[in-house]
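Structure data (compact mmCIF, C-alpha atoms) from entry04.txt:
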# COMPACT_ATOMS: atom_id res chain seq x y z
CA LYS A 29 70.90 62.44 -57.19
CA ARG A 30 67.57 60.86 -56.59
CA MET A 31 67.60 57.08 -56.53
CA SER A 32 65.27 55.50 -59.00
CA VAL A 33 63.04 52.85 -57.61
CA GLY A 34 62.53 49.89 -59.87
CA ILE A 35 59.13 48.28 -60.26
CA VAL A 36 59.01 44.88 -58.60
CA PRO A 37 57.68 42.38 -61.11
CA GLU A 38 54.54 40.49 -60.16
CA VAL A 39 55.23 37.00 -58.91
CA LYS A 40 52.74 34.41 -60.05
CA LEU A 41 52.06 31.44 -57.83
CA TYR A 42 50.32 29.58 -60.62
CA ASN A 43 50.25 29.48 -64.39
CA ASN A 44 46.91 27.84 -65.04
CA THR A 45 43.56 26.98 -63.46
CA LYS A 46 44.72 23.59 -62.22
CA GLU A 47 47.70 25.07 -60.37
CA ARG A 48 45.45 27.76 -58.91
CA GLU A 49 43.15 25.05 -57.51
CA VAL A 50 46.14 23.45 -55.80
CA TYR A 51 47.00 26.70 -54.01
CA ASP A 52 43.35 27.37 -53.16
CA ASN A 53 43.06 23.90 -51.61
CA LEU A 54 46.22 24.43 -49.57
CA ALA A 55 44.86 27.78 -48.37
CA ASP A 56 41.60 26.08 -47.35
CA LEU A 57 43.50 23.42 -45.39
CA TYR A 58 45.54 26.08 -43.60
CA SER A 59 42.38 28.06 -42.77
CA ILE A 60 40.53 25.01 -41.43
CA LEU A 61 43.43 24.08 -39.14
CA LYS A 62 43.72 27.65 -37.86
CA THR A 63 39.97 27.98 -37.30
CA ALA A 64 39.82 24.62 -35.48
CA ASP A 65 42.63 25.73 -33.18
CA HIS A 66 40.85 29.00 -32.35
CA LEU A 67 37.69 27.01 -31.65
CA GLU A 68 39.43 24.65 -29.22
CA LYS A 69 41.03 27.55 -27.37
CA ALA A 70 37.69 29.37 -27.20
CA LEU A 71 36.16 26.31 -25.52
CA MET A 72 39.01 26.10 -23.02
CA ARG A 73 38.46 29.76 -22.11
CA ASP A 74 34.68 29.27 -21.78
CA ALA A 75 34.18 31.77 -24.58
CA ILE A 76 31.66 29.44 -26.27
CA THR A 77 29.24 26.81 -24.99
CA ALA A 78 29.75 23.08 -25.46
CA ASP A 79 26.77 22.99 -27.82
CA GLU A 80 28.18 25.81 -29.98
CA HIS A 81 31.54 24.03 -30.00
CA HIS A 82 29.98 20.74 -31.06
CA LYS A 83 28.05 22.26 -33.98
CA ALA A 84 31.10 24.17 -35.22
CA CYS A 85 33.28 21.07 -34.88
CA GLU A 86 30.93 18.98 -37.00
CA LYS A 87 31.17 21.50 -39.84
CA LEU A 88 34.95 21.83 -39.53
CA ILE A 89 35.52 18.08 -39.45
CA ALA A 90 33.42 17.65 -42.60
CA ALA A 91 35.36 20.45 -44.30
CA TYR A 92 38.66 18.94 -43.15
CA VAL A 93 37.80 15.52 -44.59
CA THR A 94 37.07 17.15 -47.96
CA ALA A 95 40.23 19.28 -47.79
CA ARG A 96 42.37 16.22 -47.05
CA LYS A 97 40.94 14.40 -50.07
CA LEU A 98 41.87 17.36 -52.26
CA THR A 99 45.36 17.80 -50.77
CA SER A 100 46.38 14.19 -50.12
CA VAL A 101 48.96 14.25 -52.93
CA THR A 102 50.46 17.68 -52.26
CA VAL A 103 50.25 17.29 -48.47
CA PRO A 104 50.93 13.67 -47.49
CA ASP A 105 51.79 14.77 -43.93
CA VAL A 106 49.71 17.52 -42.31
CA LYS A 107 52.15 17.92 -39.41
CA ALA A 108 54.97 18.59 -41.90
CA PHE A 109 52.70 21.08 -43.71
CA MET A 110 52.11 22.92 -40.42
CA GLN A 111 55.84 23.05 -39.68
CA GLU A 112 56.66 24.27 -43.18
CA HIS A 113 54.17 27.13 -42.92
CA ARG A 114 54.93 27.84 -39.24
CA LEU A 115 51.36 27.12 -38.30
CA SER A 116 50.89 26.53 -34.58
CA ALA A 117 47.56 24.74 -34.31
CA GLU A 118 48.14 21.59 -32.30
CA ALA A 119 44.79 21.66 -30.49
CA GLY A 120 42.93 22.13 -33.77
CA TYR A 121 44.93 19.38 -35.44
CA GLU A 122 44.17 16.91 -32.65
CA MET A 123 40.45 17.69 -32.72
CA LEU A 124 40.18 17.38 -36.50
CA ASN A 125 42.08 14.11 -36.63
CA SER A 126 40.25 12.54 -33.74
CA GLY A 127 36.99 13.22 -35.60
CA ARG A 128 35.19 13.19 -32.25
CA SER A 129 34.34 16.86 -31.64
CA ARG A 130 34.47 16.05 -27.91
CA GLU A 131 31.38 13.89 -28.19
CA GLU A 132 32.93 10.71 -26.81
CA PRO A 133 32.27 11.39 -23.10
CA LYS A 134 28.59 11.90 -23.90
CA ILE A 135 28.43 8.69 -25.98
CA ILE A 136 30.17 6.70 -23.23
CA ALA A 137 27.63 7.95 -20.68
CA GLU A 138 24.80 6.93 -23.02
CA THR A 139 26.36 3.50 -23.54
CA VAL A 140 26.49 2.88 -19.79
CA GLN A 141 22.82 3.86 -19.54
CA PHE A 142 21.86 1.56 -22.43
CA TYR A 143 23.63 -1.36 -20.72
CA ILE A 144 21.81 -0.70 -17.44
CA THR A 145 18.42 -0.28 -19.16
CA ALA A 146 18.82 -3.54 -21.06
CA MET A 147 19.90 -5.55 -18.00
CA ASP A 148 17.14 -4.06 -15.82
CA ALA A 149 14.52 -4.90 -18.45
CA ILE A 150 15.67 -8.52 -18.64
CA LYS A 151 15.66 -8.79 -14.85
CA LEU A 152 12.02 -7.61 -14.95
CA ASN A 153 11.20 -10.72 -16.99
CA MET A 154 11.04 -9.12 -20.42
CA ALA A 155 11.57 -12.10 -22.70
CA ALA A 156 9.90 -11.29 -26.03
CA VAL A 157 12.07 -10.62 -29.07
CA ASP A 158 10.37 -7.29 -29.85
CA GLN A 159 11.11 -6.15 -26.28
CA ILE A 160 14.75 -7.21 -26.04
CA HIS A 161 16.03 -6.58 -29.58
CA PRO A 162 15.67 -2.74 -29.49
CA LEU A 163 17.47 -2.57 -26.13
CA LEU A 164 20.41 -4.65 -27.35
CA ASN A 165 20.51 -2.67 -30.58
CA ASP A 166 20.89 0.55 -28.56
CA VAL A 167 23.87 -0.95 -26.74
CA PHE A 168 25.50 -2.23 -29.93
CA SER A 169 24.96 1.00 -31.89
CA SER A 170 26.34 3.09 -29.03
CA LEU A 171 29.43 0.87 -28.77
CA ASN A 172 29.99 1.32 -32.51
CA ASN A 173 29.92 5.10 -32.05
CA ILE A 174 32.88 5.03 -29.65
CA LYS A 175 35.74 5.47 -32.11
CA THR A 176 38.49 4.70 -29.59
CA LEU A 177 36.97 1.37 -28.53
CA PRO A 178 39.23 -1.44 -29.83
CA PRO A 179 37.64 -3.37 -32.73
CA THR A 180 38.58 -6.56 -30.88
CA PHE A 181 36.48 -5.64 -27.82
CA GLU A 182 34.88 -8.96 -26.89
CA GLY A 183 31.89 -7.35 -25.20
CA LYS A 184 30.64 -5.99 -28.52
CA SER A 185 30.86 -9.44 -30.11
CA LYS A 186 28.67 -10.88 -27.34
CA VAL A 187 25.97 -8.28 -27.92
CA LYS A 188 26.10 -8.88 -31.68
CA PHE A 189 25.74 -12.63 -31.15
CA TRP A 190 22.43 -12.10 -29.38
CA LEU A 191 21.23 -9.55 -31.93
CA ASP A 192 21.93 -12.03 -34.72
CA HIS A 193 20.18 -14.79 -32.78
CA LEU A 194 17.09 -12.65 -32.09
CA SER A 195 16.94 -11.67 -35.76
CA THR A 196 16.24 -15.31 -36.67
CA MET A 197 13.17 -15.37 -34.40
CA LYS A 198 9.68 -13.92 -34.72
CA ALA A 199 8.84 -10.68 -32.91
CA SER A 200 6.35 -12.49 -30.66
CA ASP A 201 8.76 -15.32 -29.77
CA GLU A 202 10.15 -15.42 -26.25
CA LEU A 203 13.50 -16.57 -24.95
CA SER A 204 13.51 -19.54 -22.60
CA ASP A 205 14.55 -19.16 -18.97
CA GLN A 206 17.88 -20.74 -19.81
CA GLN A 207 18.46 -18.31 -22.71
CA ILE A 208 17.49 -15.34 -20.55
CA ARG A 209 19.97 -16.44 -17.91
CA GLN A 210 22.75 -16.77 -20.50
CA LEU A 211 21.88 -13.41 -22.11
CA LEU A 212 22.00 -11.67 -18.75
CA PHE A 213 25.33 -13.31 -17.98
CA ASP A 214 26.78 -12.22 -21.35
CA LEU A 215 25.48 -8.67 -20.96
CA ASP A 216 26.92 -8.41 -17.47
CA SER A 217 30.25 -9.74 -18.73
CA SER A 218 30.19 -7.27 -21.64
CA TYR A 219 29.40 -4.38 -19.28
CA ALA A 220 32.22 -5.39 -16.92
CA GLY A 221 34.62 -5.52 -19.87
CA PHE A 222 33.49 -2.07 -20.98
CA HIS A 223 34.17 -0.67 -17.51
CA SER A 224 37.63 -2.28 -17.46
CA TRP A 225 38.41 -0.61 -20.79
CA LEU A 226 37.29 2.77 -19.43
CA GLU A 227 39.57 2.41 -16.41
CA ARG A 228 42.56 1.67 -18.68
CA LYS A 229 41.92 4.69 -20.92
As structure tokens, the full file:
Amino acid sequence: KRMSVGIVPEVKLYNNTKEREVYDNLADLYSILKTADHLEKALMRDAITADEHHKACEKLIAAYVTARKLTSVTVPDVKAFMQEHRLSAEAGYEMLNSGRSREEPKIIAETVQFYITAMDAIKLNMAAVDQIHPLLNDVFSSLNNIKTLPPTFEGKSKVKFWLDHLSTMKASDELSDQQIRQLLFDLDSSYAGFHSWLERK
């Protein structure tokens, strides 16, 4: 006798449009994590350039942020989601959740240069507000871009103090010799604190 083969009934994952969106969002999250992991491994193997990696990371991080907003209820813990679906993508997960796309070393190098430029300019007797303010603003903005820098970092507060003070003055106003000396001291102290933080990282 020939065995009859029964027809396997179709299994539906969803019953309506809303449920379908949930599954689509989960599939997007899975795909982003997997793609990010491939990207990190490609960089480690020198299969892509740092510039290509950076551009791809920016897009993936933006997509990940959106995906997390859409899946925050159904996926409260991404690590648990990865374990449940047997998704091995640790490198991708770390990159996406750091939100840095390996830019931090570049930003740190720029911050060091901004510190040096500002201190050198002050030592060359630049005292006008419109000369000093842009230099201090570069330092402060660069410090803000370092996501791993503690919010309590005192060096940033010192730079902000001087930015706030300069903002109350006219562009053509000049700092006194005493103020210049204090500013240079505070900048040097801030720079030393920044270096100490880097050494502890």
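Shell of Thr99 of chain A at 9 Å, with all atoms listed in the file counted and residues fewer than 6 places along the chain excluded, is Val50, Asn53, Leu54 and Leu57 of chain A.
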Dump of C-alpha atoms for the selected residues, as a tab-separated table (two decimals), keeping the file's coordinate frame:
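Final output, result05.tsv:
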chain	number	residue	atom	x	y	z
A	50	VAL	CA	46.14	23.45	-55.80
A	53	ASN	CA	43.06	23.90	-51.61
A	54	LEU	CA	46.22	24.43	-49.57
A	57	LEU	CA	43.50	23.42	-45.39
10 Å contact set for Asn165 of chain A, only C-alpha atoms, chain neighbours under 4 positions out, as a count of residues only: 11
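Between Thr139 of chain A and the candidates A:Thr63, A:Gln210, A:Asn172, A:Asn153, the tightest atom-to-atom separation, counting all atoms listed in the file, involves A:Asn172.
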Go ahead and compute the interatomic distance for atom CA of Lys87 of chain A and atom CA of Asp65 of chain A, in Å to one decimal. 13.9 Å
Nearest candidate to Met147 of chain A (options A:Leu203, A:Val167, A:Leu212, A:Ile174; using only C-alpha atoms): A:Leu212
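From atom CA of Ala199 of chain A back to atom CA of Val157 of chain A, the distance works out to 5.0 Å.
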One decimal, in Å: what's the spacing between atom CA of Asp192 of chain A and atom CA of Leu177 of chain A? 21.1 Å
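The residue that comes closest to Leu88 of chain A, out of A:Asp201, A:Asp56, A:Asp166, A:Glu112 and on the basis of all atoms listed in the file, is A:Asp56.
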Between A:Ser224, A:Lys184, A:His82, A:Tyr58, which is the closest to Arg114 of chain A once you count only C-alpha atoms? A:Tyr58
Quick one: everything within 9 Å of Leu67 of chain A, counting all atoms listed in the file, minus sequence neighbours fewer than 3 positions away in the same chain. Send it as a list in words. Lys62, Thr63, Ala64, Ala70, Leu71, Met72, Ile76, His81, Ala84, Cys85, Ala119 and Gly120 of chain A
